[in-house]
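Listing of target39.txt, compact mmCIF, C-alpha atoms and all ligand atoms
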```txt
# COMPACT_ATOMS: atom_id res chain seq x y z
CA MET V 645 49.12 20.81 -76.65
CA ARG V 646 47.66 18.40 -79.15
CA GLN V 647 47.20 19.59 -82.69
CA LEU V 648 43.97 21.36 -83.46
CA ILE V 649 41.37 19.44 -85.46
CA PRO V 650 40.24 22.16 -87.86
CA LEU V 651 36.60 22.85 -88.64
CA SER V 652 36.98 22.69 -92.40
CA VAL V 653 40.12 22.90 -94.54
CA PRO V 654 40.72 22.28 -98.25
CA ASN V 655 42.08 18.99 -99.51
CA PHE V 656 44.73 18.92 -102.26
CA GLU V 657 45.67 15.28 -102.69
CA GLY V 658 45.24 15.11 -106.45
CA ASN V 659 46.56 16.84 -109.57
CA GLU V 660 46.27 20.40 -108.25
CA ARG V 661 49.97 21.30 -108.50
CA LYS V 662 50.36 19.59 -111.84
CA TYR V 663 47.53 21.52 -113.52
CA VAL V 664 48.38 24.88 -111.91
CA ASP V 665 52.03 24.44 -112.98
CA ASP V 666 50.79 23.63 -116.47
CA ALA V 667 48.64 26.79 -116.62
CA ILE V 668 51.65 28.85 -115.53
CA ALA V 669 53.98 27.10 -117.98
CA GLN V 670 51.56 27.96 -120.78
CA ALA V 671 51.23 31.52 -119.44
CA TRP V 672 47.45 31.17 -119.59
CA VAL V 673 46.67 32.48 -116.14
CA SER V 674 43.91 35.02 -116.69
CA THR V 675 40.29 34.99 -117.87
CA GLY V 676 40.93 32.88 -120.98
CA GLY V 677 42.30 29.35 -121.28
CA ALA V 678 41.46 25.70 -121.74
CA TYR V 679 41.03 24.87 -118.05
CA ILE V 680 38.09 27.28 -117.75
CA GLU V 681 36.21 25.55 -120.56
CA GLN V 682 37.16 22.12 -119.24
CA LEU V 683 35.89 22.97 -115.76
CA GLU V 684 32.62 24.28 -117.21
CA ARG V 685 32.14 21.10 -119.28
CA GLU V 686 32.92 18.79 -116.38
CA LEU V 687 30.73 20.68 -113.96
CA ALA V 688 27.79 20.61 -116.40
CA ALA V 689 28.28 16.87 -116.97
CA PHE V 690 28.46 16.21 -113.23
CA LEU V 691 25.23 18.16 -112.65
CA HIS V 692 23.48 16.52 -115.63
CA THR V 693 22.83 19.93 -117.11
CA LYS V 694 23.77 21.38 -120.49
CA GLN V 695 26.12 24.18 -119.57
CA ALA V 696 27.75 26.11 -116.76
CA VAL V 697 29.59 29.44 -116.62
CA ALA V 698 32.65 29.73 -114.36
CA VAL V 699 32.98 32.99 -112.43
CA GLN V 700 35.07 34.68 -109.71
CA SER V 701 33.00 33.75 -106.68
CA GLY V 702 29.68 32.43 -105.46
CA THR V 703 28.71 36.01 -104.66
CA ALA V 704 29.39 37.05 -108.28
CA ALA V 705 27.38 34.03 -109.44
CA LEU V 706 24.39 35.12 -107.34
CA HIS V 707 24.72 38.72 -108.51
CA LEU V 708 24.65 37.64 -112.17
CA CYS V 709 21.58 35.45 -111.53
CA LEU V 710 19.72 38.38 -109.96
CA ILE V 711 20.63 40.68 -112.85
CA GLU V 712 19.46 38.11 -115.38
CA ALA V 713 16.27 37.52 -113.38
CA GLY V 714 15.50 41.21 -113.92
CA VAL V 715 15.80 42.20 -110.25
CA LYS V 716 16.11 45.97 -110.21
CA ALA V 717 16.00 48.97 -107.87
CA GLY V 718 12.93 48.97 -105.64
CA ASP V 719 12.10 45.28 -106.10
CA LEU V 720 11.75 42.79 -103.26
CA VAL V 721 13.41 39.37 -103.16
CA LEU V 722 12.40 36.61 -100.74
CA VAL V 723 15.27 35.02 -98.78
CA PRO V 724 15.88 32.88 -95.69
CA PRO V 725 17.43 34.64 -92.66
CA LEU V 726 19.65 31.82 -91.36
CA THR V 727 22.49 31.59 -93.86
CA PHE V 728 25.68 33.29 -94.98
CA ILE V 729 25.18 36.98 -95.77
CA ALA V 730 26.54 36.57 -99.33
CA ALA V 731 23.17 35.02 -100.23
CA VAL V 732 21.56 38.41 -99.55
CA ASN V 733 24.12 41.15 -100.31
CA PRO V 734 23.81 40.88 -104.13
CA ILE V 735 20.12 41.83 -103.79
CA ARG V 736 21.31 45.19 -102.48
CA TYR V 737 23.90 45.47 -105.26
CA GLN V 738 20.82 45.70 -107.51
CA GLY V 739 19.18 48.33 -105.32
CA ALA V 740 16.51 45.84 -104.27
CA ASP V 741 15.67 44.70 -100.73
CA PRO V 742 15.27 41.29 -99.09
CA VAL V 743 12.18 40.00 -97.29
CA PHE V 744 13.16 37.36 -94.73
CA ILE V 745 10.94 34.25 -94.59
CA ASP V 746 11.49 31.76 -91.76
CA CYS V 747 13.28 28.45 -92.24
CA ASP V 748 11.85 25.06 -91.28
CA ASP V 749 13.60 22.19 -89.48
CA SER V 750 15.73 21.53 -92.56
CA LEU V 751 17.26 25.02 -91.95
CA CYS V 752 16.12 25.93 -95.48
CA ILE V 753 13.27 28.31 -96.34
CA ASP V 754 9.90 27.06 -95.07
CA PRO V 755 7.53 26.46 -98.03
CA CYS V 756 4.42 26.83 -95.85
CA LYS V 757 5.45 30.28 -94.65
CA LEU V 758 6.64 31.18 -98.14
CA LYS V 759 3.21 30.34 -99.50
CA ALA V 760 1.45 32.13 -96.65
CA PHE V 761 3.45 35.29 -97.35
CA CYS V 762 2.58 35.23 -101.07
CA GLU V 763 -1.06 34.44 -100.37
CA ARG V 764 -1.78 36.75 -97.43
CA GLU V 765 0.63 39.64 -97.84
CA CYS V 766 0.76 39.97 -101.62
CA THR V 767 -1.49 40.35 -104.67
CA LEU V 768 -0.98 38.96 -108.17
CA ALA V 769 -1.51 41.76 -110.68
CA ASP V 770 -0.70 41.56 -114.41
CA GLY V 771 1.48 38.52 -113.84
CA ALA V 772 3.56 40.15 -111.11
CA LEU V 773 3.45 39.59 -107.37
CA VAL V 774 3.04 42.84 -105.44
CA HIS V 775 3.62 43.22 -101.72
CA ARG V 776 0.45 44.97 -100.53
CA GLU V 777 1.92 47.00 -97.70
CA SER V 778 4.91 48.45 -99.58
CA LYS V 779 3.36 48.22 -103.10
CA ARG V 780 6.69 46.85 -104.30
CA THR V 781 7.12 43.99 -106.79
CA VAL V 782 8.33 40.69 -105.36
CA ARG V 783 10.53 39.64 -108.27
CA ALA V 784 12.38 36.55 -107.15
CA LEU V 785 13.19 34.02 -104.48
CA VAL V 786 16.68 32.99 -103.38
CA VAL V 787 16.56 29.43 -102.03
CA VAL V 788 19.64 28.39 -100.04
CA HIS V 789 20.47 24.70 -99.67
CA VAL V 790 21.93 25.19 -96.20
CA PHE V 791 24.93 23.01 -95.26
CA GLY V 792 24.32 20.90 -98.40
CA ASN V 793 20.78 19.98 -97.38
CA MET V 794 18.31 20.22 -100.26
CA ALA V 795 15.53 22.76 -99.64
CA ASP V 796 12.03 21.39 -100.26
CA MET V 797 12.21 22.09 -103.99
CA GLU V 798 9.08 20.10 -104.85
CA ALA V 799 6.92 22.46 -102.78
CA ILE V 800 8.96 25.57 -103.55
CA MET V 801 8.77 25.16 -107.35
CA GLU V 802 5.01 24.77 -107.16
CA ILE V 803 4.62 27.94 -105.09
CA ALA V 804 7.02 29.86 -107.35
CA GLY V 805 4.98 28.79 -110.38
CA ALA V 806 1.70 29.87 -108.82
CA TYR V 807 3.05 33.29 -107.76
CA HIS V 808 5.30 34.06 -110.75
CA LEU V 809 8.52 34.09 -108.77
CA THR V 810 11.86 33.51 -110.45
CA VAL V 811 13.78 30.88 -108.45
CA ILE V 812 17.49 31.38 -107.84
CA GLU V 813 19.08 28.45 -106.07
CA ASP V 814 22.02 29.29 -103.85
CA ALA V 815 23.69 25.90 -104.23
CA THR V 816 27.04 27.23 -103.02
CA GLU V 817 27.07 24.69 -100.18
CA ALA V 818 25.31 21.89 -102.04
CA LEU V 819 27.43 20.84 -105.01
CA GLY V 820 26.54 17.17 -105.56
CA THR V 821 23.27 17.08 -103.60
CA TYR V 822 20.42 15.52 -105.62
CA TYR V 823 16.98 13.91 -105.39
CA THR V 824 16.98 10.11 -105.31
CA ASP V 825 13.20 9.74 -105.42
CA GLY V 826 9.96 11.55 -106.20
CA ALA V 827 9.08 13.89 -109.06
CA LEU V 828 12.54 15.51 -109.03
CA ARG V 829 14.47 12.23 -108.93
CA GLY V 830 17.95 12.63 -110.44
CA LYS V 831 17.82 16.43 -110.27
CA TYR V 832 20.76 18.22 -108.67
CA ALA V 833 20.62 21.25 -106.37
CA GLY V 834 21.23 24.27 -108.58
CA THR V 835 19.54 22.78 -111.66
CA ILE V 836 15.92 22.77 -110.50
CA GLY V 837 15.03 26.48 -110.35
CA ASP V 838 15.57 29.11 -113.04
CA TYR V 839 19.15 29.78 -111.97
CA GLY V 840 21.77 28.05 -109.82
CA ALA V 841 24.83 29.55 -108.11
CA PHE V 842 27.85 27.55 -106.93
CA SER V 843 30.92 28.53 -104.91
CA PHE V 844 34.48 27.19 -104.88
CA ASN V 845 35.65 29.24 -101.93
CA GLY V 846 38.28 27.64 -99.69
CA ASN V 847 35.76 26.18 -97.23
CA LYS V 848 33.41 24.63 -99.81
CA ILE V 849 33.41 20.96 -100.86
CA ILE V 850 35.77 21.74 -103.73
CA THR V 851 37.81 24.90 -104.05
CA THR V 852 39.54 27.05 -106.64
CA GLY V 853 40.83 29.40 -103.95
CA GLY V 854 37.99 31.72 -104.77
CA GLY V 855 35.54 30.99 -107.54
CA GLY V 856 32.04 30.05 -108.48
CA ALA V 857 29.73 28.99 -111.29
CA VAL V 858 26.29 29.66 -112.68
CA THR V 859 23.74 27.32 -114.26
CA ALA V 860 20.44 28.32 -115.83
CA ALA V 861 17.39 26.55 -117.19
CA GLU V 862 17.37 28.78 -120.29
CA PRO V 863 20.49 28.46 -122.50
CA ARG V 864 19.97 32.02 -123.76
CA ALA V 865 19.94 33.38 -120.23
CA LEU V 866 23.16 31.54 -119.46
CA ALA V 867 24.79 32.87 -122.64
CA HIS V 868 23.87 36.39 -121.55
CA ILE V 869 25.31 35.73 -118.08
CA ARG V 870 28.58 34.62 -119.71
CA TYR V 871 28.59 37.84 -121.76
CA LEU V 872 27.97 40.02 -118.70
CA SER V 873 30.74 38.20 -116.76
CA THR V 874 33.35 39.20 -119.36
CA GLN V 875 32.74 42.98 -119.45
CA ALA V 876 29.85 42.60 -121.95
CA LYS V 877 32.22 42.52 -124.87
CA ASP V 878 30.38 42.46 -128.21
CA ASP V 879 33.50 42.68 -130.32
CA ALA V 880 36.85 41.72 -128.86
CA GLN V 881 38.86 43.31 -131.65
CA TYR V 882 37.28 46.76 -131.65
CA TYR V 883 36.17 46.85 -128.02
CA ILE V 884 32.49 47.36 -128.66
CA HIS V 885 30.15 47.04 -125.66
CA HIS V 886 26.36 47.33 -125.76
CA GLU V 887 25.79 46.84 -122.04
CA VAL V 888 27.45 47.47 -118.70
CA GLY V 889 29.44 44.32 -117.94
CA TYR V 890 31.39 42.95 -115.01
CA ASN V 891 34.85 41.53 -114.45
CA TYR V 892 33.42 38.32 -113.00
CA ARG V 893 35.01 35.66 -115.20
CA MET V 894 37.01 32.89 -113.52
CA THR V 895 40.73 32.77 -114.33
CA ASN V 896 42.50 29.82 -115.93
CA LEU V 897 44.72 29.56 -112.85
CA GLN V 898 41.66 29.07 -110.63
CA ALA V 899 40.11 26.69 -113.14
CA ALA V 900 43.28 24.54 -113.22
CA LEU V 901 42.78 23.99 -109.51
CA GLY V 902 39.08 23.37 -110.14
CA VAL V 903 39.67 20.68 -112.78
CA ALA V 904 41.88 18.78 -110.30
CA GLN V 905 39.28 19.17 -107.56
CA MET V 906 36.48 17.93 -109.85
CA GLU V 907 38.44 14.66 -110.28
CA GLU V 908 38.23 14.19 -106.51
CA LEU V 909 34.69 15.44 -105.93
CA PRO V 910 32.96 12.02 -105.89
CA ASP V 911 35.54 10.79 -103.39
CA PHE V 912 35.13 13.95 -101.25
CA ILE V 913 31.36 13.39 -101.13
CA GLY V 914 31.90 9.75 -100.17
CA ARG V 915 34.16 10.80 -97.30
CA LYS V 916 31.71 13.46 -96.10
CA GLN V 917 28.98 10.81 -95.99
CA LYS V 918 31.12 8.23 -94.25
CA ASN V 919 32.31 10.75 -91.66
CA TYR V 920 28.76 11.97 -91.06
CA ASP V 921 27.62 8.38 -90.45
CA LEU V 922 30.44 7.88 -87.97
CA TYR V 923 29.51 11.07 -86.06
CA ALA V 924 25.84 9.99 -86.12
CA ARG V 925 26.78 6.69 -84.44
CA LEU V 926 28.98 8.43 -81.88
CA PHE V 927 26.33 11.00 -80.95
CA SER V 928 23.41 8.54 -80.93
CA ASP V 929 23.83 7.89 -77.19
CA CYS V 930 23.97 11.60 -76.27
CA ASN V 931 20.70 13.08 -75.01
CA LEU V 932 22.12 16.61 -74.79
CA CYS V 933 22.56 17.12 -78.50
CA ARG V 934 21.33 15.86 -81.85
CA LEU V 935 23.16 15.66 -85.18
CA LEU V 936 20.78 17.27 -87.69
CA PRO V 937 19.71 14.93 -90.49
CA PHE V 938 19.58 15.61 -94.23
CA ARG V 939 16.35 15.55 -96.26
CA GLU V 940 14.74 12.24 -97.11
CA LYS V 941 14.54 11.22 -100.77
CA THR V 942 17.83 13.03 -101.41
CA ALA V 943 21.51 12.15 -101.43
CA SER V 944 23.20 15.13 -99.79
CA ASN V 945 26.85 16.07 -100.22
CA ARG V 946 26.78 16.44 -96.40
CA TRP V 947 29.06 19.44 -96.65
CA PHE V 948 28.70 20.71 -93.07
CA TYR V 949 27.61 18.92 -89.91
CA ALA V 950 25.26 20.71 -87.54
CA LEU V 951 24.81 19.69 -83.91
CA GLU V 952 21.63 20.92 -82.21
CA ILE V 953 22.43 21.58 -78.54
CA ASP V 954 19.67 21.04 -75.99
CA ARG V 955 19.16 24.63 -74.81
CA GLU V 956 16.81 23.61 -72.01
CA ARG V 957 19.58 21.76 -70.25
CA ILE V 958 22.60 23.72 -71.44
CA GLN V 959 22.39 27.50 -71.19
CA ALA V 960 26.09 28.30 -71.43
CA PRO V 961 26.83 30.83 -74.18
CA MET V 962 27.99 29.26 -77.43
CA SER V 963 31.26 31.22 -77.22
CA GLN V 964 32.10 29.49 -73.94
CA MET V 965 31.61 26.05 -75.51
CA ILE V 966 33.63 26.99 -78.58
CA ASP V 967 36.53 28.32 -76.47
CA ALA V 968 36.55 25.25 -74.21
CA LEU V 969 36.58 22.91 -77.22
CA GLN V 970 39.30 24.94 -78.93
CA GLN V 971 41.49 24.53 -75.83
CA GLN V 972 41.05 20.80 -76.12
CA GLY V 973 42.02 20.82 -79.78
CA VAL V 974 38.60 20.75 -81.44
CA GLN V 975 37.69 23.69 -83.64
CA THR V 976 33.96 24.36 -83.84
CA ARG V 977 31.80 27.29 -84.91
CA ALA V 978 28.47 28.82 -84.02
CA VAL V 979 25.98 29.03 -86.86
CA TRP V 980 25.59 32.45 -88.53
CA GLY V 981 23.84 35.31 -86.78
CA LEU V 982 20.49 36.01 -88.45
CA ILE V 983 20.98 38.24 -91.49
CA SER V 984 17.82 40.13 -90.55
CA ASP V 985 19.62 41.20 -87.33
CA GLN V 986 22.70 42.56 -89.14
CA ARG V 987 22.96 46.33 -89.38
CA PRO V 988 22.44 46.66 -93.16
CA TYR V 989 19.22 44.63 -92.96
CA GLU V 990 17.77 45.29 -89.51
CA HIS V 991 14.92 47.41 -90.89
CA GLU V 992 13.81 45.00 -93.61
CA THR V 993 10.57 43.01 -93.56
CA VAL V 994 10.66 39.70 -91.68
CA TYR V 995 7.92 37.08 -91.90
CA GLN V 996 7.04 34.70 -89.07
CA LEU V 997 10.60 34.19 -87.84
CA GLU V 998 10.48 31.45 -85.23
CA ARG V 999 12.61 28.45 -86.24
CA ALA V 1000 15.49 30.59 -87.52
CA PRO V 1001 16.08 32.40 -84.17
CA TYR V 1002 15.76 29.04 -82.40
CA TYR V 1003 18.38 27.34 -84.56
CA ALA V 1004 20.64 30.42 -84.57
CA ASP V 1005 20.97 29.94 -80.83
CA CYS V 1006 21.56 26.21 -80.62
CA ILE V 1007 23.63 25.02 -83.58
CA LEU V 1008 27.27 24.12 -83.27
CA ASN V 1009 29.18 23.19 -86.43
CA ILE V 1010 31.76 20.46 -85.86
CA PRO V 1011 34.93 19.42 -87.73
CA CYS V 1012 34.06 18.12 -91.21
CA SER V 1013 37.14 18.35 -93.46
CA THR V 1014 37.41 15.57 -96.04
CA ASN V 1015 40.86 14.67 -94.69
CA ILE V 1016 39.78 14.26 -91.05
CA THR V 1017 40.66 10.81 -89.67
CA GLU V 1018 38.35 8.37 -87.87
CA LYS V 1019 40.47 8.80 -84.75
CA GLU V 1020 40.00 12.56 -84.89
CA ILE V 1021 36.25 12.17 -85.33
CA ALA V 1022 36.10 9.86 -82.31
CA TYR V 1023 38.14 12.34 -80.27
CA ALA V 1024 36.03 15.33 -81.37
CA ALA V 1025 32.73 13.58 -80.57
CA ASP V 1026 34.02 12.40 -77.22
CA THR V 1027 35.34 15.83 -76.25
CA ILE V 1028 32.06 17.51 -77.21
CA LYS V 1029 29.95 14.96 -75.31
CA GLN V 1030 32.10 15.32 -72.19
CA LEU V 1031 31.82 19.10 -72.29
CA LEU V 1032 28.03 18.98 -72.74
CA ARG V 1033 27.69 16.60 -69.78
CA LYS V 1034 29.83 18.90 -67.65
CA LEU V 1035 27.78 21.96 -68.64
CA ALA V 1036 24.47 20.16 -68.06
CA ASP V 1037 25.56 19.19 -64.57
CA GLY V 1038 26.42 22.83 -63.98
CA ILE V 1039 29.99 22.08 -62.88
C1 LIG Y 1 29.96 30.54 -99.54
C2 LIG Y 1 28.59 31.05 -99.72
C3 LIG Y 1 28.29 32.08 -100.62
C4 LIG Y 1 29.29 32.89 -101.35
O1 LIG Y 1 30.29 32.27 -102.03
P1 LIG Y 1 31.70 32.99 -102.25
O2 LIG Y 1 32.34 32.12 -103.26
O3 LIG Y 1 32.40 33.00 -100.94
O4 LIG Y 1 31.44 34.37 -102.76
C5 LIG Y 1 26.96 32.43 -100.78
N1 LIG Y 1 25.98 31.83 -100.09
C6 LIG Y 1 26.24 30.87 -99.19
C7 LIG Y 1 25.10 30.23 -98.47
C8 LIG Y 1 27.55 30.46 -98.96
O5 LIG Y 1 27.79 29.51 -98.04
```
Encoding of this model in structure tokens:
Amino acid sequence: MRQLIPLSVPNFEGNERKYVDDAIAQAWVSTGGAYIEQLERELAAFLHTKQAVAVQSGTAALHLCLIEAGVKAGDLVLVPPLTFIAAVNPIRYQGADPVFIDCDDSLCIDPCKLKAFCERECTLADGALVHRESKRTVRALVVVHVFGNMADMEAIMEIAGAYHLTVIEDATEALGTYYTDGALRGKYAGTIGDYGAFSFNGNKIITTGGGGAVTAAEPRALAHIRYLSTQAKDDAQYYIHHEVGYNYRMTNLQAALGVAQMEELPDFIGRKQKNYDLYARLFSDCNLCRLLPFREKTASNRWFYALEIDRERIQAPMSQMIDALQQQGVQTRAVWGLISDQRPYEHETVYQLERAPYYADCILNIPCSTNITEKEIAYAADTIKQLLRKLADGI
């Protein structure tokens, strides 16, 4: 059998071994060390923001943002339903609950429905947004830039301002995505709202094995997040703590990997874009599927490629397509199941879900590693097109 073309694997073609060896040689492997600070500096410079805090994971980054945003037990937080569950779980860590607002055709939260929910279902009282039916405070909004595609931040920031919502950007999939035009020109995903969360998990555009980072508009908020991430230590010598902290700090070993990956990030983004363009050409003659585009007026990191399958002509279950493609050496994946359908969240409030269930049923993610070759892309596209034709003919 031919070798499998993987969906998404990490790429270590740079100084990864050198820097990790160096961290080990220096015996600085834990939550202190020069690579951590270097990674934070380089990340902040890349994002054109003042500072960043490196942490253990994207999930930890989101949790710290929610804590700092003042999300507490009984609060509500607005979220999109079509994304990875880690965007929502930290809301529960705080004892709060999500409200699921539909996505639009960008797969990100729909600003029109977001506004409609705030306007029709909630009341502004004493500077806080209260959900009329449950009488609970809607404290914040988690915006996910799905697959590296920028959510409509121009509209979202305006709505958040009008309804006093703290904006937490889940930029875990969107490192390097930015506006090229309009009022937010030059602004990067994760640096537009009040807080931004990044992930360096193995499948993201750069990886530290596991890891993440936080950015914040307010330097004091970010300083407090840093403090919370290191067990809220007020005095290192006498072990004095004034708050409950977390063991969320990134290690120097992870950061060594991260510094090497940061050197390659611009090249990785270039490859993602080039490969996306090649797929777009190869799928342009296929009327059974459509490669989803990225938002206009932005340069996306094009982290993940999403193929919309024509469900009127192809009714085969996604699992059948995925298995058939796997047998022919092409690894693909169905998009996430809706979070609002998962057992921990099945009783939570949903608002006007229509596009999210549609896309949950018709999106196939296709191989997108930065080290995929042009030949592999051509083979993957061809294999997928052939299968779709076969399924449409009902053979
Ligand atoms: C990867 C991811 C996370 C979580 O990041 P980890 O580093 O794996 O904890 C959160 N949200 C989304 C949308 C993600 O894709």
*Kindly compile the residues surrounding ligand LIG 1 (chain Y) within 8 Å, counting all atoms listed in the file, and format them as a PyMOL selection string.*
chain V and resi 700-706+727-732+788-791+814-817+842-845+847-848+854-856
Can you pull out every residue within 9 Å of Asp1037 of chain V, counting all atoms listed in the file, but drop anything in the same chain fewer than 4 positions away, and send it as a PDB file with C-alpha atoms, in the frame of the given file?
```pdb
ATOM      1  CA  ARG V 957      19.580  21.760 -70.250  1.00  0.00           C
ATOM      2  CA  ILE V 958      22.600  23.720 -71.440  1.00  0.00           C
ATOM      3  CA  LEU V1032      28.030  18.980 -72.740  1.00  0.00           C
ATOM      4  CA  ARG V1033      27.690  16.600 -69.780  1.00  0.00           C
TER       5      ARG V1033
END
```
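Using only C-alpha atoms for every distance, the candidate list V:Gln898, V:Thr675, V:Asn793, V:Gln682 yields V:Asn793 as the residue closest to Tyr832 of chain V.
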Could you put an axis-aligned box around every listed atom of segment 769-774 of chain V, padded by 5 Å on each side, and send me its centre and edge lengths in Å to one decimal, as JSON?
```
{"center_x": 1.0, "center_y": 40.7, "center_z": -109.9, "size_x": 15.1, "size_y": 14.3, "size_z": 19.0}
```
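As for atom CA of Gly718 of chain V and atom CA of Leu751 of chain V, they are spaced 27.9 Å apart.
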Hey, could you make a per-residue contact list for segment 700-783 of chain V against segment 993-1000 of chain V with 8 Å as the cut-off, showing the nearest pair of atoms and its distance in Å to one decimal, counting only C-alpha atoms, sorted by chain and number, as JSON lines?
```
{"residue": "V:Pro725", "atom": "CA", "partner": "V:Ala1000", "partner_atom": "CA", "distance": 6.8}
{"residue": "V:Leu726", "atom": "CA", "partner": "V:Ala1000", "partner_atom": "CA", "distance": 5.8}
{"residue": "V:Pro742", "atom": "CA", "partner": "V:Thr993", "partner_atom": "CA", "distance": 7.5}
{"residue": "V:Val743", "atom": "CA", "partner": "V:Thr993", "partner_atom": "CA", "distance": 5.1}
{"residue": "V:Phe744", "atom": "CA", "partner": "V:Val994", "partner_atom": "CA", "distance": 4.6}
{"residue": "V:Ile745", "atom": "CA", "partner": "V:Tyr995", "partner_atom": "CA", "distance": 4.9}
{"residue": "V:Asp746", "atom": "CA", "partner": "V:Leu997", "partner_atom": "CA", "distance": 4.7}
{"residue": "V:Cys747", "atom": "CA", "partner": "V:Ala1000", "partner_atom": "CA", "distance": 5.6}
{"residue": "V:Asp748", "atom": "CA", "partner": "V:Arg999", "partner_atom": "CA", "distance": 6.1}
{"residue": "V:Asp749", "atom": "CA", "partner": "V:Arg999", "partner_atom": "CA", "distance": 7.1}
{"residue": "V:Leu751", "atom": "CA", "partner": "V:Ala1000", "partner_atom": "CA", "distance": 7.3}
{"residue": "V:Lys757", "atom": "CA", "partner": "V:Gln996", "partner_atom": "CA", "distance": 7.3}
{"residue": "V:Phe761", "atom": "CA", "partner": "V:Tyr995", "partner_atom": "CA", "distance": 7.3}
```
Need the neighbours of (39.1, 24.6, -107.1): which residues are at most 8 Å away, counting all atoms listed in the file, as a PDB file with C-alpha atoms, keeping the file's coordinate frame?
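Full text of result.pdb as output:
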```
ATOM      1  CA  PHE V 844      34.480  27.190-104.880  1.00  0.00           C
ATOM      2  CA  ASN V 845      35.650  29.240-101.930  1.00  0.00           C
ATOM      3  CA  ILE V 850      35.770  21.740-103.730  1.00  0.00           C
ATOM      4  CA  THR V 851      37.810  24.900-104.050  1.00  0.00           C
ATOM      5  CA  THR V 852      39.540  27.050-106.640  1.00  0.00           C
ATOM      6  CA  GLY V 853      40.830  29.400-103.950  1.00  0.00           C
ATOM      7  CA  GLY V 854      37.990  31.720-104.770  1.00  0.00           C
ATOM      8  CA  GLY V 855      35.540  30.990-107.540  1.00  0.00           C
ATOM      9  CA  GLN V 898      41.660  29.070-110.630  1.00  0.00           C
ATOM     10  CA  ALA V 899      40.110  26.690-113.140  1.00  0.00           C
ATOM     11  CA  ALA V 900      43.280  24.540-113.220  1.00  0.00           C
ATOM     12  CA  LEU V 901      42.780  23.990-109.510  1.00  0.00           C
ATOM     13  CA  GLY V 902      39.080  23.370-110.140  1.00  0.00           C
ATOM     14  CA  VAL V 903      39.670  20.680-112.780  1.00  0.00           C
ATOM     15  CA  ALA V 904      41.880  18.780-110.300  1.00  0.00           C
ATOM     16  CA  GLN V 905      39.280  19.170-107.560  1.00  0.00           C
ATOM     17  CA  MET V 906      36.480  17.930-109.850  1.00  0.00           C
TER      18      MET V 906
END
```
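The space separating atom CA of Tyr1023 of chain V from atom CA of Ala1004 of chain V comes to 25.5 Å.
Between atom CA of Arg915 of chain V and atom CA of Asn1015 of chain V lies a distance of 8.2 Å.
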*Using only C-alpha atoms, find the one residue out of V:Leu936, V:Met894, V:Ile812, V:Leu866 that sits nearest to Ala696 of chain V.*
V:Leu866
List the spatial neighbours of Gln972 of chain V as a PDB file with C-alpha atoms, in the frame of the given file - criterion: any atom at most 10 Å away, all atoms listed in the file, same-chain residues fewer than 5 positions off excluded.
```
ATOM      1  CA  MET V 645      49.120  20.810 -76.650  1.00  0.00           C
ATOM      2  CA  ARG V 646      47.660  18.400 -79.150  1.00  0.00           C
ATOM      3  CA  GLN V 647      47.200  19.590 -82.690  1.00  0.00           C
ATOM      4  CA  LEU V 648      43.970  21.360 -83.460  1.00  0.00           C
ATOM      5  CA  ILE V 649      41.370  19.440 -85.460  1.00  0.00           C
ATOM      6  CA  ILE V 966      33.630  26.990 -78.580  1.00  0.00           C
ATOM      7  CA  ASP V 967      36.530  28.320 -76.470  1.00  0.00           C
ATOM      8  CA  TYR V1023      38.140  12.340 -80.270  1.00  0.00           C
ATOM      9  CA  ALA V1024      36.030  15.330 -81.370  1.00  0.00           C
ATOM     10  CA  THR V1027      35.340  15.830 -76.250  1.00  0.00           C
ATOM     11  CA  ILE V1028      32.060  17.510 -77.210  1.00  0.00           C
TER      12      ILE V1028
END
```
*Near Ala772 of chain V, counting all atoms listed in the file, which residues have an atom at most 9 Å away, once you skip same-chain residues fewer than 6 positions from it, shown as a list of chain:residue names?*
V:Thr781, V:Val782, V:Arg783, V:Tyr807, V:His808, V:Leu809
